[in-house]
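Written below as C-alpha cells is the structure these notes are about.
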Amino acid sequence: PPALRDRLVRPHDPAGVGMTGTASTHLMPPLPADIVPDPVPEGLRITRPGVWEMDAAEYHDPAVTGDWFSNSDAKKLLATCPAQFDYDRRHGVRKITDAFDFGHVWHAVILGKGEAYQVFEPKKLDGRTKDGREQKLEVDACRAAGITPIYGDQFALSEAMAEAVKADPVPHALLTAPGRQEVCLFWREVIKVTDPKNRLYGQHVTVQRRAMVDHLPDMPEDPNALVTLVDGKTADEVKPDDNLRKKIYDYGYHRQADTYAAGVEALFNRDAEVVFVMQSKKPPHLIVPVDLDTPARLIAAAENQQAMELWAECVATGEWPGYVKGIATSGVPAWIERMYEDEMVIS
C-alpha cells in the first residue's frame with residue numbers, strides 16, 4: 001500500500017480558514033511545545049499526530065495504529081479487563097455480526113465513502129442447504145479479503161434509508177456540509193492520573209489517542225465558532241425517550257462524542273460538539289439527530305479519564321492484569337437471595 005505520508009490530510013491552511021488543499025506532510029496541527037512529533041516512516045504505521053486517510057481495516061490494525069488509544073479500545077477495556085483487551089487487540093479479535101456488517105455498508109452508502117462491500121443476492125440463504133453452504137463459503141472468502149459482505153435484501157434496505165436521509169433536510173444538511181468523510185484523527189493528550197490505586201498516581205502522562213470520524217467539517221473562519229461533527233447510527237427504534245438514553249450509554253456513544261471533541265480541540269484548538277444522526281431501520285426510516293446533554297458529557301469525560309488512566313498504566317508497566325488476583329467471592333443472583341430471604345432460609 002502507499003506510504004501514509006501520501007495520505008496525510010492538511011488539517012488547516014496557514015490562515016486558519018479550513019481544511020482545504022491537497023495532501024501534505026508539512027502542515028501539521030499545532031502541538032504543545034514539549035511534544036515533538038516523531039518522523040513519519042515510509043511504511044504503513046502512524047507515528048505522529050495528524051488527520052489521516054485510511055480504511056477501517058488499517059485503522060483497526062495494531063501494526064498500523066500501534067499504541068494509539070481509541071473509543072472502541074476504551075469500551076472494551078472498561079467492559080472486560082486489561083488481559084482480555086490486550087489479547088483481543090494483539091490477535092485482531094473483532095466482533096462480527098450481520099448487524100455490524102449492515103452498519104458498515106449503511107455508512108458507505110450514506111456517506112459515499114467507507115468500507116468496500118459485496119452484495120450477495122437475493123438474501124442470506126439457509127446454511128443447511130447446498131446453496132446456503134456455498135454462499136457461506138463465498139461470504140467467508142469475501143470477509144477474508146477485507147470486503148464487507150451484505151445480502152441483497154439488507155442492501156436494498158440501506159438504499160431506502162439513504163433516500164430517507166436525502167429527503168430530510170436537517171440530517172442531509174449535517175452530512176453534506178463542506179468537509180471530509182471518514183477521516184482519522186490522531187493526537188497526543190496529557191492527563192494527570194487521579195486514581196490512587198493506579199501505579200502512575202499523581203503523574204502527568206501522555207496518551208496517544210485516535211478516532212475515525214464520519215463527517216469532519218471544514219473549520220469555520222471564526223475561531224470561536226463551535227465545530228459540529230456528525231456520526232451516523234442505525235437502530236430498530238429512534239424515539240427520543242429513556243430507551244434511546246439507554247442505547248446511548250450501553251453502546252458508549254457518549255464516550256465517542258467526548259473522544260471526537262477532544263481530538264478537534266487538540267488538533268485544531270476549537271471547541272466541538274457531536275450530533276448523532278440516528279435512523280430507524282423500520283419504514284419510513286425516521287431520523288432523529290441527537291446532541292448529548294451536559295450530564296452525558298460529564299459522565300463521558302469521567303469514564304474516558306478512567307479508561308485512559310488504566311491504559312497508561314498498562315502501557316507504562318507492560319502488565320495487563322486479569323479480572324482478579326487470587327480467589328474471587330461470588331454467589332447467586334440478588335433476586336434469588338431475596339426470594340430465599342422471604343422464605344426465611346437465609347437472613
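Chain labels A, B, ... are given in the sequence in which chains occur in the C-alpha cells; within each chain residues are numbered consecutively from 1, and ligands are likewise numbered from 1 in the order shown.
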
Just want the 8 Å neighbourhood of region 230-245 of chain A, counted on only C-alpha atoms, with same-chain residues fewer than 6 positions away dropped. Output as a PyMOL selection string.
chain A and resi 103+107+174-175+213-216+274-282+286-288

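Residue neighbourhood of Thr206 (chain A), excluding near-sequence residues (fewer than 2 positions): A:Pro32, A:Asp34, A:Ile35, A:Asp67, A:Trp68, A:Phe69, A:Trp187, A:Arg188, A:Glu189, A:Val190, A:Ile191, A:Lys192, A:Val193, A:Leu200, A:Gln203, A:His204, A:Gln208, A:Arg209, A:Met308, A:Glu309, A:Trp311, A:Ala312, A:Glu313, A:Val315, A:Ala316, at 12 Å, using only C-alpha atoms.
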
Test item, strand (DSSP E) assignment across region 141-320 of chain A, answer as an MDAnalysis selection string:
chainID A and resid 148:151 179:192 204:217 227:235 272:280 287:291

Restricted to C-alpha atoms, what would the selected residues look like written as a PDB file, in the first residue's frame?
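Generated file (out_18.pdb):
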ATOM      1  CA  THR A 148     -17.770  -6.433   3.932  1.00  0.00           C
ATOM      2  CA  PRO A 149     -20.484  -8.869   2.794  1.00  0.00           C
ATOM      3  CA  ILE A 150     -24.079  -7.669   2.598  1.00  0.00           C
ATOM      4  CA  TYR A 151     -27.165  -9.581   1.492  1.00  0.00           C
ATOM      5  CA  GLY A 179     -15.807  18.867   4.999  1.00  0.00           C
ATOM      6  CA  ARG A 180     -14.364  15.363   4.830  1.00  0.00           C
ATOM      7  CA  GLN A 181     -15.951  11.962   5.310  1.00  0.00           C
ATOM      8  CA  GLU A 182     -14.393   9.020   7.160  1.00  0.00           C
ATOM      9  CA  VAL A 183     -11.154  10.643   8.294  1.00  0.00           C
ATOM     10  CA  CYS A 184      -8.969   9.569  11.214  1.00  0.00           C
ATOM     11  CA  LEU A 185      -7.748  11.905  13.932  1.00  0.00           C
ATOM     12  CA  PHE A 186      -4.542  11.083  15.806  1.00  0.00           C
ATOM     13  CA  TRP A 187      -3.458  13.302  18.693  1.00  0.00           C
ATOM     14  CA  ARG A 188      -1.499  13.295  21.936  1.00  0.00           C
ATOM     15  CA  GLU A 189      -3.128  14.302  25.202  1.00  0.00           C
ATOM     16  CA  VAL A 190      -1.503  14.943  28.568  1.00  0.00           C
ATOM     17  CA  ILE A 191      -3.541  13.765  31.565  1.00  0.00           C
ATOM     18  CA  LYS A 192      -2.928  13.625  35.308  1.00  0.00           C
ATOM     19  CA  HIS A 204       1.265  13.560  34.233  1.00  0.00           C
ATOM     20  CA  VAL A 205       1.336  11.119  31.327  1.00  0.00           C
ATOM     21  CA  THR A 206       0.864  11.446  27.563  1.00  0.00           C
ATOM     22  CA  VAL A 207      -1.817   9.285  25.979  1.00  0.00           C
ATOM     23  CA  GLN A 208      -1.854   8.815  22.206  1.00  0.00           C
ATOM     24  CA  ARG A 209      -5.479   8.885  21.064  1.00  0.00           C
ATOM     25  CA  ARG A 210      -7.283   8.243  17.786  1.00  0.00           C
ATOM     26  CA  ALA A 211     -10.770   8.431  16.311  1.00  0.00           C
ATOM     27  CA  MET A 212     -12.409   7.722  12.961  1.00  0.00           C
ATOM     28  CA  VAL A 213     -14.967  10.444  12.259  1.00  0.00           C
ATOM     29  CA  ASP A 214     -17.913  10.015   9.880  1.00  0.00           C
ATOM     30  CA  HIS A 215     -18.021  13.717   8.953  1.00  0.00           C
ATOM     31  CA  LEU A 216     -15.391  16.268   9.915  1.00  0.00           C
ATOM     32  CA  PRO A 217     -16.497  19.733   8.742  1.00  0.00           C
ATOM     33  CA  VAL A 227     -17.416  22.871  15.293  1.00  0.00           C
ATOM     34  CA  THR A 228     -20.178  20.306  14.677  1.00  0.00           C
ATOM     35  CA  LEU A 229     -19.029  16.782  13.899  1.00  0.00           C
ATOM     36  CA  VAL A 230     -21.559  14.239  12.639  1.00  0.00           C
ATOM     37  CA  ASP A 231     -21.775  10.496  13.272  1.00  0.00           C
ATOM     38  CA  GLY A 232     -24.404   8.162  11.831  1.00  0.00           C
ATOM     39  CA  LYS A 233     -26.130   5.366  13.749  1.00  0.00           C
ATOM     40  CA  THR A 234     -28.825   2.845  12.845  1.00  0.00           C
ATOM     41  CA  ALA A 235     -31.350   1.364  15.269  1.00  0.00           C
ATOM     42  CA  ALA A 272     -16.619  20.878  19.199  1.00  0.00           C
ATOM     43  CA  GLU A 273     -19.925  19.104  19.593  1.00  0.00           C
ATOM     44  CA  VAL A 274     -21.082  15.819  18.081  1.00  0.00           C
ATOM     45  CA  VAL A 275     -24.508  15.295  16.555  1.00  0.00           C
ATOM     46  CA  PHE A 276     -25.548  11.656  16.147  1.00  0.00           C
ATOM     47  CA  VAL A 277     -27.801  11.134  13.129  1.00  0.00           C
ATOM     48  CA  MET A 278     -29.838   8.176  14.352  1.00  0.00           C
ATOM     49  CA  GLN A 279     -32.037   6.425  11.798  1.00  0.00           C
ATOM     50  CA  SER A 280     -34.647   3.714  12.203  1.00  0.00           C
ATOM     51  CA  ILE A 287     -34.316  10.109  11.624  1.00  0.00           C
ATOM     52  CA  VAL A 288     -33.559  11.768  14.956  1.00  0.00           C
ATOM     53  CA  PRO A 289     -30.448  13.984  15.158  1.00  0.00           C
ATOM     54  CA  VAL A 290     -29.212  13.834  18.778  1.00  0.00           C
ATOM     55  CA  ASP A 291     -26.953  16.248  20.645  1.00  0.00           C
TER      56      ASP A 291
END

Which of region 73-162 of chain A end up as helix (DSSP H, G or I) when DSSP is run on this backbone - answer as JSON, numbers by chain?
{"A": [73, 74, 75, 76, 77, 78, 79, 82, 83, 84, 85, 86, 87, 88, 89, 90, 98, 99, 100, 101, 102, 103, 104, 105, 106, 107, 108, 109, 110, 111, 130, 131, 132, 133, 134, 135, 136, 137, 138, 139, 140, 141, 142, 143, 144, 152, 153, 154, 155, 156, 157, 158, 159, 160, 161, 162]}

So, counting only C-alpha atoms, which residue among A:Ala160, A:Leu111, A:Gln305, A:Arg48 is closest to His172 (chain A)?
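Between A:Ala160, A:Leu111, A:Gln305, A:Arg48, the residue approaching His172 (chain A) most closely is A:Leu111.
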
My list of candidates is A:Arg143, A:Lys166, A:Arg297, A:Arg45. Which is closest to Asp101 (chain A) when distances are computed with only C-alpha atoms?
A:Arg143

Closest of A:Ala99, A:Ala296, A:Ala83, A:Ala262 to Gly322 (chain A), counting only C-alpha atoms, is A:Ala83
